[in-house]
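The file final.cif comes next; it holds mmCIF, C-alpha atoms and all ligand atoms.
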data_run
#
loop_
_atom_site.label_atom_id
_atom_site.label_comp_id
_atom_site.auth_asym_id
_atom_site.auth_seq_id
_atom_site.Cartn_x
_atom_site.Cartn_y
_atom_site.Cartn_z
CA MET B 6 81.26 134.35 100.69
CA LYS B 7 78.45 131.94 99.86
CA ARG B 8 77.14 129.18 102.11
CA VAL B 9 77.95 125.75 100.67
CA ALA B 10 76.19 122.37 100.73
CA ILE B 11 76.92 118.79 99.80
CA SER B 12 74.05 118.13 97.40
CA GLY B 13 74.89 114.56 96.36
CA ILE B 14 77.10 111.62 97.24
CA GLY B 15 77.72 108.48 95.17
CA VAL B 16 79.55 105.31 96.16
CA GLU B 17 80.55 102.46 93.86
CA ILE B 18 81.78 99.27 95.48
CA PRO B 19 82.87 96.50 93.11
CA ALA B 20 81.05 93.17 93.48
CA ALA B 21 84.03 90.83 93.85
CA VAL B 22 85.09 89.98 97.41
CA ILE B 23 88.31 88.42 98.68
CA SER B 24 88.34 87.15 102.28
CA ASN B 25 91.39 87.16 104.54
CA GLU B 26 91.41 83.36 104.41
CA GLU B 27 91.62 83.34 100.61
CA LEU B 28 94.29 86.04 100.54
CA VAL B 29 96.42 84.36 103.21
CA ALA B 30 96.11 80.92 101.54
CA SER B 31 97.41 82.31 98.24
CA PHE B 32 100.20 84.28 99.99
CA ASN B 33 101.32 81.25 101.99
CA GLU B 34 101.30 79.03 98.92
CA TRP B 35 103.60 81.50 97.20
CA VAL B 36 105.83 81.67 100.32
CA ASP B 37 106.17 77.86 100.36
CA THR B 38 107.18 77.79 96.69
CA GLU B 39 109.59 80.67 97.21
CA ASN B 40 111.13 79.09 100.32
CA ALA B 41 111.72 75.81 98.46
CA ARG B 42 113.64 77.85 95.89
CA LEU B 43 115.49 79.94 98.51
CA HIS B 44 116.41 76.82 100.52
CA CYS B 45 119.34 75.98 98.24
CA THR B 46 120.64 79.57 98.40
CA GLY B 47 120.87 79.62 102.22
CA ALA B 48 118.75 82.82 102.29
CA GLU B 49 116.48 83.60 105.24
CA PRO B 50 113.09 81.91 104.65
CA LEU B 51 110.01 84.11 104.14
CA GLN B 52 107.31 84.02 106.82
CA HIS B 53 103.68 83.06 106.44
CA SER B 54 100.87 85.59 106.74
CA ASN B 55 98.02 84.91 109.11
CA ASP B 56 94.34 85.80 109.31
CA GLU B 57 94.24 86.26 113.11
CA PHE B 58 97.11 88.76 112.92
CA ILE B 59 95.35 90.71 110.16
CA VAL B 60 92.04 90.99 112.02
CA HIS B 61 93.73 91.83 115.32
CA ALA B 62 96.23 94.35 113.87
CA SER B 63 93.98 96.12 111.37
CA GLY B 64 90.32 95.09 111.78
CA VAL B 65 90.11 94.10 108.09
CA LYS B 66 88.16 90.88 107.43
CA LYS B 67 87.62 91.10 103.67
CA ARG B 68 87.90 93.56 100.80
CA HIS B 69 86.08 94.25 97.52
CA VAL B 70 88.27 94.41 94.43
CA LEU B 71 87.64 95.79 90.97
CA GLN B 72 89.24 92.81 89.23
CA PRO B 73 89.80 89.61 91.26
CA ASP B 74 91.25 87.66 88.34
CA GLY B 75 94.97 87.05 89.00
CA ILE B 76 95.15 88.34 92.60
CA LEU B 77 94.90 84.91 94.23
CA ASP B 78 97.03 83.12 91.63
CA PRO B 79 100.37 82.50 93.44
CA ALA B 80 102.12 82.67 90.07
CA ARG B 81 100.83 86.23 89.47
CA MET B 82 99.42 87.90 92.61
CA ALA B 83 98.18 91.02 90.83
CA PRO B 84 94.83 91.84 89.22
CA ARG B 85 94.64 91.13 85.51
CA ILE B 86 93.41 94.39 83.96
CA ALA B 87 93.66 94.51 80.17
CA SER B 88 94.89 97.70 78.54
CA ARG B 89 92.25 99.42 76.43
CA PRO B 90 92.56 101.28 73.14
CA ASP B 91 92.95 105.06 73.58
CA ASP B 92 89.48 105.70 72.16
CA GLU B 93 87.78 103.50 74.79
CA LEU B 94 86.81 104.76 78.23
CA SER B 95 89.75 104.02 80.53
CA VAL B 96 89.36 101.73 83.54
CA MET B 97 89.81 104.42 86.19
CA ALA B 98 87.47 106.89 84.45
CA GLU B 99 84.83 104.13 84.14
CA PHE B 100 85.06 103.41 87.87
CA GLY B 101 84.85 107.14 88.64
CA VAL B 102 81.87 107.62 86.32
CA ALA B 103 79.95 104.84 88.10
CA SER B 104 80.13 106.73 91.43
CA ALA B 105 79.65 110.10 89.71
CA ARG B 106 76.35 108.99 88.12
CA LYS B 107 75.10 107.91 91.56
CA ALA B 108 76.07 111.31 93.01
CA LEU B 109 74.21 113.11 90.18
CA ALA B 110 71.11 110.96 90.82
CA ASP B 111 71.37 111.65 94.56
CA ALA B 112 71.58 115.40 93.91
CA GLY B 113 68.77 115.20 91.32
CA ILE B 114 70.70 117.27 88.79
CA ALA B 115 71.89 116.81 85.21
CA ALA B 116 75.58 116.35 84.42
CA ALA B 117 75.59 119.68 82.56
CA ASP B 118 74.72 121.43 85.85
CA VAL B 119 78.19 120.57 87.15
CA ASP B 120 80.80 123.10 85.97
CA MET B 121 83.93 121.55 87.49
CA VAL B 122 85.12 117.96 87.96
CA ILE B 123 88.07 117.28 90.23
CA CYS B 124 89.41 113.73 90.09
CA SER B 125 91.22 113.45 93.41
CA ALA B 126 92.59 110.01 94.23
CA SER B 127 95.73 108.45 95.69
CA HIS B 128 96.78 107.16 92.25
CA GLN B 129 95.95 108.47 88.79
CA GLN B 130 95.94 105.99 85.92
CA ARG B 131 98.09 108.29 83.77
CA PRO B 132 99.46 111.83 83.92
CA TYR B 133 97.46 113.14 80.95
CA PRO B 134 94.97 113.71 79.50
CA ALA B 135 93.66 114.26 83.04
CA MET B 136 91.33 111.52 84.28
CA SER B 137 88.89 114.24 85.31
CA ILE B 138 88.61 115.49 81.73
CA GLU B 139 87.78 112.00 80.51
CA ILE B 140 85.16 111.76 83.27
CA GLN B 141 83.86 115.22 82.23
CA LYS B 142 83.51 114.04 78.62
CA GLU B 143 81.82 110.76 79.54
CA LEU B 144 79.32 112.43 81.88
CA GLY B 145 78.77 115.56 79.80
CA THR B 146 79.57 118.05 82.56
CA SER B 147 80.22 121.66 81.57
CA GLY B 148 83.16 123.96 82.38
CA ALA B 149 86.49 122.41 83.20
CA ALA B 150 88.21 119.60 85.08
CA PHE B 151 91.54 118.81 86.73
CA ASP B 152 93.23 116.05 88.69
CA MET B 153 94.80 116.23 92.09
CA SER B 154 96.26 113.74 94.56
CA LEU B 155 97.05 113.67 98.27
CA GLY B 156 97.31 110.01 99.28
CA CYS B 157 94.46 108.83 101.47
CA SER B 158 93.47 112.46 102.11
CA SER B 159 92.73 113.01 98.40
CA ALA B 160 88.93 113.13 98.69
CA ALA B 161 89.04 115.39 101.77
CA ALA B 162 91.58 117.68 100.07
CA GLY B 163 89.39 117.70 96.94
CA LEU B 164 86.49 118.74 99.14
CA HIS B 165 88.66 121.53 100.61
CA VAL B 166 89.31 122.87 97.09
CA ALA B 167 85.70 122.39 95.95
CA PHE B 168 84.31 124.11 99.06
CA ASN B 169 86.51 127.15 98.53
CA LEU B 170 85.82 127.36 94.78
CA VAL B 171 82.07 127.33 95.41
CA ARG B 172 82.21 129.53 98.50
CA SER B 173 84.09 132.22 96.61
CA GLY B 174 81.73 132.03 93.64
CA ALA B 175 84.49 130.89 91.25
CA GLN B 176 82.49 127.73 90.37
CA LYS B 177 78.79 126.94 90.52
CA ARG B 178 78.86 123.20 91.17
CA VAL B 179 81.94 121.06 91.73
CA MET B 180 82.10 117.28 91.72
CA VAL B 181 84.99 115.56 93.52
CA VAL B 182 85.46 112.06 92.11
CA THR B 183 87.69 109.55 93.92
CA PRO B 184 88.17 106.26 92.06
CA GLU B 185 90.56 104.16 94.15
CA ILE B 186 91.91 101.09 92.30
CA ILE B 187 94.48 100.61 94.99
CA THR B 188 94.87 96.86 94.40
CA GLY B 189 96.50 97.84 91.10
CA HIS B 190 99.51 99.29 92.93
CA LEU B 191 99.59 96.90 95.88
CA ASN B 192 102.38 94.34 96.27
CA PHE B 193 100.40 91.20 97.15
CA ARG B 194 103.77 89.51 97.91
CA ASP B 195 104.57 91.97 100.71
CA ARG B 196 103.49 90.41 104.03
CA GLN B 197 103.31 93.85 105.70
CA THR B 198 100.80 95.35 103.26
CA HIS B 199 99.15 92.58 101.21
CA PHE B 200 96.01 92.50 103.38
CA ILE B 201 95.39 96.21 103.83
CA PHE B 202 93.65 97.61 100.77
CA GLY B 203 90.43 97.26 98.78
CA ASP B 204 88.94 99.14 95.82
CA ALA B 205 86.04 101.63 95.82
CA SER B 206 85.03 104.85 94.09
CA THR B 207 83.19 107.85 95.52
CA ALA B 208 81.85 111.16 94.22
CA VAL B 209 80.67 114.23 96.13
CA ILE B 210 78.82 117.22 94.65
CA VAL B 211 79.27 120.62 96.24
CA GLU B 212 77.07 123.65 95.46
CA PRO B 213 76.09 127.04 96.90
CA LEU B 214 73.15 127.66 99.21
CA GLU B 215 71.06 130.79 98.96
CA ASP B 216 70.67 132.80 102.17
CA GLY B 217 68.05 131.15 104.35
CA ASP B 218 68.08 128.01 102.20
CA GLU B 219 67.83 124.88 104.38
CA ARG B 220 67.68 121.46 102.73
CA PRO B 221 66.52 118.78 105.15
CA GLY B 222 68.65 115.66 105.01
CA ARG B 223 71.60 117.49 103.39
CA PHE B 224 74.77 118.85 104.92
CA GLU B 225 76.00 122.40 104.95
CA ILE B 226 79.81 122.49 104.87
CA VAL B 227 80.82 124.70 107.79
CA ASP B 228 84.54 124.61 106.95
CA THR B 229 87.30 122.43 105.53
CA ARG B 230 90.98 122.10 106.40
CA THR B 231 94.11 120.33 105.08
CA TRP B 232 97.39 119.63 106.92
CA THR B 233 100.62 118.07 105.58
CA GLN B 234 104.03 117.11 106.92
CA PHE B 235 106.62 115.19 104.87
CA SER B 236 107.19 111.52 105.73
CA ASN B 237 108.65 108.52 103.86
CA ASN B 238 106.70 106.03 105.95
CA ILE B 239 104.07 105.50 103.24
CA ARG B 240 105.69 105.79 99.85
CA SER B 241 105.41 104.79 96.20
CA ASN B 242 108.45 105.42 93.99
CA PHE B 243 106.56 104.70 90.79
CA GLY B 244 106.83 107.56 88.34
CA PHE B 245 108.01 108.78 84.97
CA LEU B 246 111.68 108.70 86.02
CA SER B 247 111.52 105.18 87.50
CA ARG B 248 112.74 103.25 84.43
CA LEU B 249 115.75 105.54 83.89
CA SER B 250 117.81 103.96 86.67
CA GLN B 251 117.74 100.68 84.69
CA GLU B 252 120.13 99.63 81.90
CA ASP B 253 117.21 98.39 79.79
CA THR B 254 114.89 101.40 79.68
CA THR B 255 112.33 99.71 77.45
CA PHE B 256 110.55 98.15 80.43
CA LEU B 257 109.89 99.11 84.05
CA ALA B 258 110.75 96.68 86.86
CA MET B 259 108.12 97.17 89.54
CA GLU B 260 110.25 95.83 92.41
CA GLY B 261 110.53 98.74 94.85
CA ASN B 262 108.02 100.77 92.87
CA MET B 263 104.79 99.70 94.57
CA ILE B 264 103.21 100.85 97.84
CA LYS B 265 105.47 100.42 100.85
CA GLN B 266 104.67 101.39 104.38
CA VAL B 267 106.24 101.32 107.82
CA GLY B 268 102.86 100.59 109.34
CA ASN B 269 103.72 100.83 113.02
CA LYS B 270 105.42 104.24 112.60
CA VAL B 271 102.46 105.50 110.58
CA PHE B 272 100.16 104.19 113.27
CA LYS B 273 101.92 106.07 116.08
CA GLU B 274 102.66 109.31 114.27
CA VAL B 275 99.38 109.73 112.44
CA THR B 276 97.32 108.82 115.51
CA VAL B 277 98.86 111.74 117.38
CA ALA B 278 98.62 114.09 114.38
CA GLY B 279 95.02 113.04 113.65
CA HIS B 280 93.94 113.63 117.23
CA ARG B 281 95.60 117.07 117.26
CA PHE B 282 94.05 117.99 113.91
CA ILE B 283 90.55 117.07 115.11
CA VAL B 284 90.78 118.93 118.40
CA GLU B 285 92.33 122.08 116.88
CA PHE B 286 90.03 122.21 113.84
CA LEU B 287 86.95 121.84 116.03
CA ALA B 288 88.26 124.39 118.55
CA GLU B 289 88.59 126.97 115.75
CA HIS B 290 84.83 126.66 115.40
CA GLY B 291 84.12 126.74 119.12
CA HIS B 292 83.50 122.98 119.34
CA THR B 293 84.88 120.06 121.30
CA PRO B 294 84.68 116.43 120.06
CA GLN B 295 81.70 115.95 122.43
CA ASP B 296 79.67 118.37 120.27
CA ILE B 297 80.08 116.20 117.18
CA ARG B 298 77.35 113.66 116.54
CA ARG B 299 79.37 111.61 114.07
CA PHE B 300 82.96 111.14 112.95
CA TRP B 301 83.59 109.71 109.49
CA LEU B 302 87.25 108.82 109.90
CA HIS B 303 89.73 107.42 107.43
CA GLN B 304 89.21 103.69 107.19
CA ALA B 305 92.73 102.26 107.53
CA ASN B 306 92.83 100.61 110.92
CA SER B 307 90.14 100.09 113.55
CA ARG B 308 92.58 100.28 116.49
CA MET B 309 94.03 103.51 115.16
CA ASN B 310 90.60 105.13 114.89
CA ALA B 311 89.67 103.91 118.38
CA MET B 312 92.85 105.46 119.75
CA ILE B 313 92.35 108.81 117.97
CA LEU B 314 88.84 108.98 119.41
CA LYS B 315 89.95 107.95 122.89
CA LEU B 316 92.62 110.68 122.88
CA SER B 317 90.08 113.21 121.63
CA PHE B 318 87.19 112.28 123.96
CA GLY B 319 89.11 111.04 126.99
CA HIS B 320 87.14 107.77 126.84
CA GLU B 321 86.24 105.05 124.36
CA VAL B 322 83.73 105.83 121.65
CA GLY B 323 81.47 103.32 119.87
CA HIS B 324 80.71 102.74 116.21
CA ASP B 325 77.48 104.76 116.37
CA ARG B 326 79.67 107.84 116.96
CA ALA B 327 82.40 106.74 114.52
CA PRO B 328 81.18 104.12 112.06
CA MET B 329 83.50 101.53 110.57
CA VAL B 330 83.40 100.17 107.03
CA LEU B 331 86.99 98.88 106.80
CA ASP B 332 86.10 95.49 108.32
CA ARG B 333 84.18 94.54 105.16
CA LEU B 334 85.89 96.83 102.58
CA GLY B 335 89.53 97.02 103.70
CA ASN B 336 91.36 100.33 103.44
CA THR B 337 89.81 101.92 100.36
CA ALA B 338 92.33 104.80 100.53
CA ALA B 339 90.70 108.22 100.06
CA ALA B 340 87.28 106.70 99.37
CA GLY B 341 86.92 105.20 102.88
CA ALA B 342 85.80 108.24 104.90
CA ILE B 343 83.32 109.25 102.16
CA ILE B 344 81.83 105.73 102.14
CA ALA B 345 81.45 105.93 105.94
CA LEU B 346 79.70 109.30 105.46
CA GLU B 347 77.37 108.06 102.72
CA GLU B 348 76.33 104.97 104.68
CA ASN B 349 75.93 106.66 108.06
CA HIS B 350 74.11 109.98 108.04
CA ARG B 351 70.41 109.37 107.39
CA ASP B 352 69.56 109.14 111.10
CA MET B 353 71.12 112.53 111.90
CA LYS B 354 68.89 115.37 113.13
CA PRO B 355 68.81 118.99 111.93
CA GLY B 356 71.61 120.92 113.63
CA ASP B 357 73.76 117.80 114.24
CA TYR B 358 77.42 118.25 113.43
CA GLY B 359 79.64 115.67 111.77
CA LEU B 360 83.33 115.58 110.91
CA VAL B 361 84.97 113.93 107.90
CA CYS B 362 88.63 113.31 108.74
CA ALA B 363 90.97 111.39 106.43
CA PHE B 364 94.69 110.80 106.91
CA GLY B 365 97.53 109.05 105.16
CA ALA B 366 100.53 109.35 102.90
CA GLY B 367 102.39 112.62 102.85
CA TYR B 368 101.71 112.68 105.78
CA SER B 369 98.45 114.40 105.05
CA ILE B 370 95.20 115.02 106.89
CA GLY B 371 92.01 116.49 105.45
CA GLY B 372 88.88 117.46 107.33
CA ALA B 373 85.39 118.81 106.65
CA LEU B 374 83.06 120.03 109.40
CA LEU B 375 79.45 119.42 108.33
CA ARG B 376 76.10 120.53 109.81
CA MET B 377 72.92 118.62 109.05
CA MET B 378 70.29 121.06 107.70
N1 LIG V 401 100.91 88.07 109.16
C1 LIG V 401 101.48 87.70 110.34
N2 LIG V 401 102.36 88.49 110.99
C2 LIG V 401 102.68 89.68 110.44
C3 LIG V 401 102.12 90.12 109.22
C4 LIG V 401 101.22 89.26 108.56
N3 LIG V 401 100.63 89.59 107.41
N4 LIG V 401 102.64 91.33 108.92
C5 LIG V 401 103.48 91.65 109.90
N5 LIG V 401 103.51 90.65 110.83
C6 LIG V 401 104.31 90.59 112.07
C7 LIG V 401 105.58 91.42 111.99
O1 LIG V 401 106.61 90.68 111.35
C8 LIG V 401 105.88 91.67 113.44
O2 LIG V 401 106.47 90.53 113.99
P1 LIG V 401 107.63 90.62 115.12
O3 LIG V 401 106.94 91.26 116.31
O4 LIG V 401 108.01 89.21 115.34
O5 LIG V 401 108.70 91.49 114.54
C9 LIG V 401 104.50 91.79 114.07
O6 LIG V 401 103.59 91.19 113.15
C10 LIG V 401 104.07 93.23 114.30
O7 LIG V 401 104.29 93.98 113.11
P2 LIG V 401 103.85 95.51 112.99
O8 LIG V 401 104.19 95.99 111.64
O9 LIG V 401 104.44 96.25 114.17
O10 LIG V 401 102.27 95.38 113.16
P3 LIG V 401 101.19 96.46 113.57
O11 LIG V 401 100.54 96.02 114.81
O12 LIG V 401 101.73 97.86 113.51
O13 LIG V 401 100.12 96.30 112.38
C11 LIG V 401 99.46 97.50 110.36
C12 LIG V 401 100.48 96.54 111.03
C13 LIG V 401 99.93 97.79 108.95
C14 LIG V 401 98.12 96.80 110.33
C15 LIG V 401 99.35 98.78 111.20
O14 LIG V 401 100.64 99.25 111.54
C16 LIG V 401 98.62 99.91 110.51
O15 LIG V 401 97.49 99.76 110.08
N6 LIG V 401 99.22 101.10 110.47
C17 LIG V 401 98.57 102.30 109.97
C18 LIG V 401 98.48 102.30 108.50
C19 LIG V 401 97.82 103.57 108.01
O16 LIG V 401 97.06 104.19 108.70
N7 LIG V 401 98.13 103.97 106.84
C20 LIG V 401 97.62 105.24 106.44
C21 LIG V 401 96.80 105.26 105.33
S1 LIG V 401 97.14 104.25 103.98
#

The structure given in the file should be rewritten as structure tokens.
Ligand code: COA
Amino acid sequence: MKRVAISGIGVEIPAAVISNEELVASFNEWVDTENARLHCTGAEPLQHSNDEFIVHASGVKKRHVLQPDGILDPARMAPRIASRPDDELSVMAEFGVASARKALADAGIAAADVDMVICSASHQQRPYPAMSIEIQKELGTSGAAFDMSLGCSSAAAGLHVAFNLVRSGAQKRVMVVTPEIITGHLNFRDRQTHFIFGDASTAVIVEPLEDGDERPGRFEIVDTRTWTQFSNNIRSNFGFLSRLSQEDTTFLAMEGNMIKQVGNKVFKEVTVAGHRFIVEFLAEHGHTPQDIRRFWLHQANSRMNAMILKLSFGHEVGHDRAPMVLDRLGNTAAAGAIIALEENHRDMKPGDYGLVCAFGAGYSIGGALLRMM
């Protein structure tokens, strides 16, 4: 088995920002219009959303979005993303390529030096041709490419696959690209979830290390792990069979086909599972949480991360130990933990350990134990 390193990381965060205040104002305007309509029907009125609740419950203050146009319009409440001709680069591939080019520059290698692209994200724009193959073509990488998906653990699970492909010698250099356009599948009219997500794309390049090779400032991947257990508490029913339950099969009604989540159940169950995953994974390598200089956790909820760390350490742990990006970016699905990693590792010393740990739909958890070289 070969030793394996992360040789490059790229993060693309779209420029447009939507604050909680803006999001709540648009939601509440829609609620008022809807309630005026519902009034005559005698139906239960819809409730307003509220910025204080959002910050207190989740820690999210604002989010970056790929396409703001349409999201805040109470008559639409969805991003306006035009379809493109088949011979133009698709939206998701374009977003992925932006982070991939940054990862290539960070690694100081040419695209042709990469012999496998894995596009691993919580949603794929289409089933085929694979997004990864379009990214491969646009970048000019060699070899092959495939897509995979594991909810918010997609990037960590992609890293698990990439690590083992490189470790075994099956591939020379693997790039895991995670373009998350999660606002495209978010129901901005759902009070429970409308505030949670933001868009971002990440890319990570994994390659072998020769014996004795130490690269200051880079991470060796000590090991990776993935865990899953079925749950309906975060679910999207959107798929190729969705339209077939309708009489008119020429269109697809999206009601019931976007992201839904029983947030408080997810919170409780995944907090316990995440804590157990961290402690057991580290123990397999003879470590306790105290040995780990930095935790790059999934960026869904600040209280949830604080609780996972408190359970794991036995006391509260600050942001220097476990940095937070969700306050300014929202939950960027599988991209979140990789963004936390990219933004918070340059101060680490040789020999320091760090743990990437992402969790989400499935349920799923993915982890990577890293050692600074
Ligand atoms: N504005 C105001 N009030 C709201 C609201 C909103 N936007 N959304 C829900 N509420 C209300 C609820 O109606 C409920 O009111 P009630 O007590 O009168 O019934 C109350 O707030 C509490 O709702 P709850 O859903 O229990 O809130 P919570 O504290 O669990 O926070 C989440 C909600 C979604 C922020 C939180 O559960 C969470 O982040 N869970 C984890 C999600 C996750 O990790 N996902 C994995 C990866 S995607």

Taking a cut-off of 6 Å and counting all atoms listed in the file, can you build a table that, for each residue of chain B near ligand LIG 401 (chain V), reports the nearest atom pair and how far apart they are in Å (one decimal), sorted by chain then residue number, as JSON lines?
{"residue": "B:Ser54", "atom": "CA", "partner": "V:LIG401", "partner_atom": "N1", "distance": 3.5}
{"residue": "B:Asn55", "atom": "CA", "partner": "V:LIG401", "partner_atom": "N1", "distance": 4.3}
{"residue": "B:Phe58", "atom": "CA", "partner": "V:LIG401", "partner_atom": "C1", "distance": 5.2}
{"residue": "B:Ala62", "atom": "CA", "partner": "V:LIG401", "partner_atom": "O13", "distance": 4.6}
{"residue": "B:Ser63", "atom": "CA", "partner": "V:LIG401", "partner_atom": "C14", "distance": 4.3}
{"residue": "B:Cys157", "atom": "CA", "partner": "V:LIG401", "partner_atom": "C21", "distance": 5.8}
{"residue": "B:Arg196", "atom": "CA", "partner": "V:LIG401", "partner_atom": "N3", "distance": 4.5}
{"residue": "B:Gln197", "atom": "CA", "partner": "V:LIG401", "partner_atom": "N4", "distance": 4.1}
{"residue": "B:Gly268", "atom": "CA", "partner": "V:LIG401", "partner_atom": "O14", "distance": 3.4}
{"residue": "B:Asn269", "atom": "CA", "partner": "V:LIG401", "partner_atom": "O12", "distance": 3.6}
{"residue": "B:Val271", "atom": "CA", "partner": "V:LIG401", "partner_atom": "C17", "distance": 5.1}
{"residue": "B:Phe272", "atom": "CA", "partner": "V:LIG401", "partner_atom": "C17", "distance": 4.1}
{"residue": "B:Ala305", "atom": "CA", "partner": "V:LIG401", "partner_atom": "O16", "distance": 4.9}
{"residue": "B:Asn306", "atom": "CA", "partner": "V:LIG401", "partner_atom": "O15", "distance": 4.8}
{"residue": "B:Ala338", "atom": "CA", "partner": "V:LIG401", "partner_atom": "S1", "distance": 5.9}
{"residue": "B:Gly365", "atom": "CA", "partner": "V:LIG401", "partner_atom": "C21", "distance": 3.9}

Store the residues picked out above in a file with C-alpha atoms, as a CSV table (one decimal), keeping the file's coordinate frame.
chain,number,residue,atom,x,y,z
B,54,SER,CA,100.9,85.6,106.7
B,55,ASN,CA,98.0,84.9,109.1
B,58,PHE,CA,97.1,88.8,112.9
B,62,ALA,CA,96.2,94.4,113.9
B,63,SER,CA,94.0,96.1,111.4
B,157,CYS,CA,94.5,108.8,101.5
B,196,ARG,CA,103.5,90.4,104.0
B,197,GLN,CA,103.3,93.8,105.7
B,268,GLY,CA,102.9,100.6,109.3
B,269,ASN,CA,103.7,100.8,113.0
B,271,VAL,CA,102.5,105.5,110.6
B,272,PHE,CA,100.2,104.2,113.3
B,305,ALA,CA,92.7,102.3,107.5
B,306,ASN,CA,92.8,100.6,110.9
B,338,ALA,CA,92.3,104.8,100.5
B,365,GLY,CA,97.5,109.0,105.2

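The environment of Tyr133 in chain B within 10 Å, counting only C-alpha atoms and disregarding residues fewer than 5 places along the same chain, consists of Ile138, Glu139 and Asp152 of chain B.
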
Residue list as a list of chain:residue names for point (92.1, 107.8, 113.3), cut-off 8 Å, all atoms listed in the file: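 Answer for this query, in the requested form: B:Val275, B:Thr276, B:Gly279, B:His280, B:Leu302, B:His303, B:Gln304, B:Asn306, B:Ser307, B:Met309, B:Asn310, B:Ala311, B:Met312, B:Ile313, B:Leu314, B:Cys362, B:Ala363, B:Phe364.
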
With C-alpha atoms kept, could you save the residues just selected as an mmCIF file, in the coordinates of the input?
data_model
loop_
_atom_site.group_PDB
_atom_site.id
_atom_site.type_symbol
_atom_site.label_atom_id
_atom_site.label_comp_id
_atom_site.auth_asym_id
_atom_site.auth_seq_id
_atom_site.Cartn_x
_atom_site.Cartn_y
_atom_site.Cartn_z
ATOM 1 C CA VAL B 275 99.380 109.730 112.440
ATOM 2 C CA THR B 276 97.320 108.820 115.510
ATOM 3 C CA GLY B 279 95.020 113.040 113.650
ATOM 4 C CA HIS B 280 93.940 113.630 117.230
ATOM 5 C CA LEU B 302 87.250 108.820 109.900
ATOM 6 C CA HIS B 303 89.730 107.420 107.430
ATOM 7 C CA GLN B 304 89.210 103.690 107.190
ATOM 8 C CA ASN B 306 92.830 100.610 110.920
ATOM 9 C CA SER B 307 90.140 100.090 113.550
ATOM 10 C CA MET B 309 94.030 103.510 115.160
ATOM 11 C CA ASN B 310 90.600 105.130 114.890
ATOM 12 C CA ALA B 311 89.670 103.910 118.380
ATOM 13 C CA MET B 312 92.850 105.460 119.750
ATOM 14 C CA ILE B 313 92.350 108.810 117.970
ATOM 15 C CA LEU B 314 88.840 108.980 119.410
ATOM 16 C CA CYS B 362 88.630 113.310 108.740
ATOM 17 C CA ALA B 363 90.970 111.390 106.430
ATOM 18 C CA PHE B 364 94.690 110.800 106.910
#

10 Å contact set for Pro19 in chain B, all atoms listed in the file, chain neighbours under 3 positions out, as a ChimeraX atom specification: /B:16,22,68-73,100,203-206,334

All residues 10 Å or closer to Glu219 in chain B, all atoms listed in the file, same chain fewer than 5 positions away omitted, as JSON, numbers by chain: {"B": [10, 214, 224, 225, 355, 377, 378]}

For range 282-287 of chain B: contacts at 8 Å, all atoms listed in the file, fewer than 3 positions along chain excluded, given as number ranges by chain: B: 230, 232, 278-279, 290-294, 317, 362, 370, 372, 374

Separation of CA of Leu94 in chain B from CA of Ala135 in chain B in Å: 12.7 Å

Top pick for closest residue to Ile18 in chain B, considering B:Gly113, B:Gly356, B:Gly335, B:Gly189 and counting all atoms listed in the file: B:Gly335

Among the residues B:Glu57, B:Glu27, B:Asp296, B:Glu252, the one that comes closest to Gly359 in chain B [using only C-alpha atoms]: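 The answer is B:Asp296, which sits nearest to Gly359 in chain B.
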
Neighbour residues at most 9 Å from (84.8, 108.1, 102.0) (only C-alpha atoms) as a ChimeraX atom specification: /B:16,160-161,183,206-208,301-304,337-347,361,363

Return range 320-325 of chain B, completed with N, CA, C and O atoms, as a PDB file, in the coordinates of the input.
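See result_31.pdb below for the written result:
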ATOM      1  N   HIS B 320      87.721 109.100 126.551  1.00  0.00           N
ATOM      2  CA  HIS B 320      87.140 107.770 126.840  1.00  0.00           C
ATOM      3  C   HIS B 320      86.843 107.086 125.509  1.00  0.00           C
ATOM      4  O   HIS B 320      86.898 107.710 124.447  1.00  0.00           O
ATOM      5  N   GLU B 321      86.501 105.792 125.599  1.00  0.00           N
ATOM      6  CA  GLU B 321      86.240 105.050 124.360  1.00  0.00           C
ATOM      7  C   GLU B 321      84.931 105.476 123.719  1.00  0.00           C
ATOM      8  O   GLU B 321      84.004 105.900 124.406  1.00  0.00           O
ATOM      9  N   VAL B 322      84.887 105.368 122.405  1.00  0.00           N
ATOM     10  CA  VAL B 322      83.730 105.830 121.650  1.00  0.00           C
ATOM     11  C   VAL B 322      83.282 104.700 120.711  1.00  0.00           C
ATOM     12  O   VAL B 322      84.107 104.056 120.073  1.00  0.00           O
ATOM     13  N   GLY B 323      81.983 104.447 120.652  1.00  0.00           N
ATOM     14  CA  GLY B 323      81.470 103.320 119.870  1.00  0.00           C
ATOM     15  C   GLY B 323      81.272 103.630 118.388  1.00  0.00           C
ATOM     16  O   GLY B 323      81.465 104.762 117.936  1.00  0.00           O
ATOM     17  N   HIS B 324      80.856 102.598 117.664  1.00  0.00           N
ATOM     18  CA  HIS B 324      80.710 102.740 116.210  1.00  0.00           C
ATOM     19  C   HIS B 324      79.530 103.617 115.796  1.00  0.00           C
ATOM     20  O   HIS B 324      79.456 104.077 114.669  1.00  0.00           O
ATOM     21  N   ASP B 325      78.568 103.835 116.717  1.00  0.00           N
ATOM     22  CA  ASP B 325      77.480 104.760 116.370  1.00  0.00           C
ATOM     23  C   ASP B 325      78.055 106.168 116.207  1.00  0.00           C
ATOM     24  O   ASP B 325      77.614 106.930 115.350  1.00  0.00           O
TER      25      ASP B 325
END
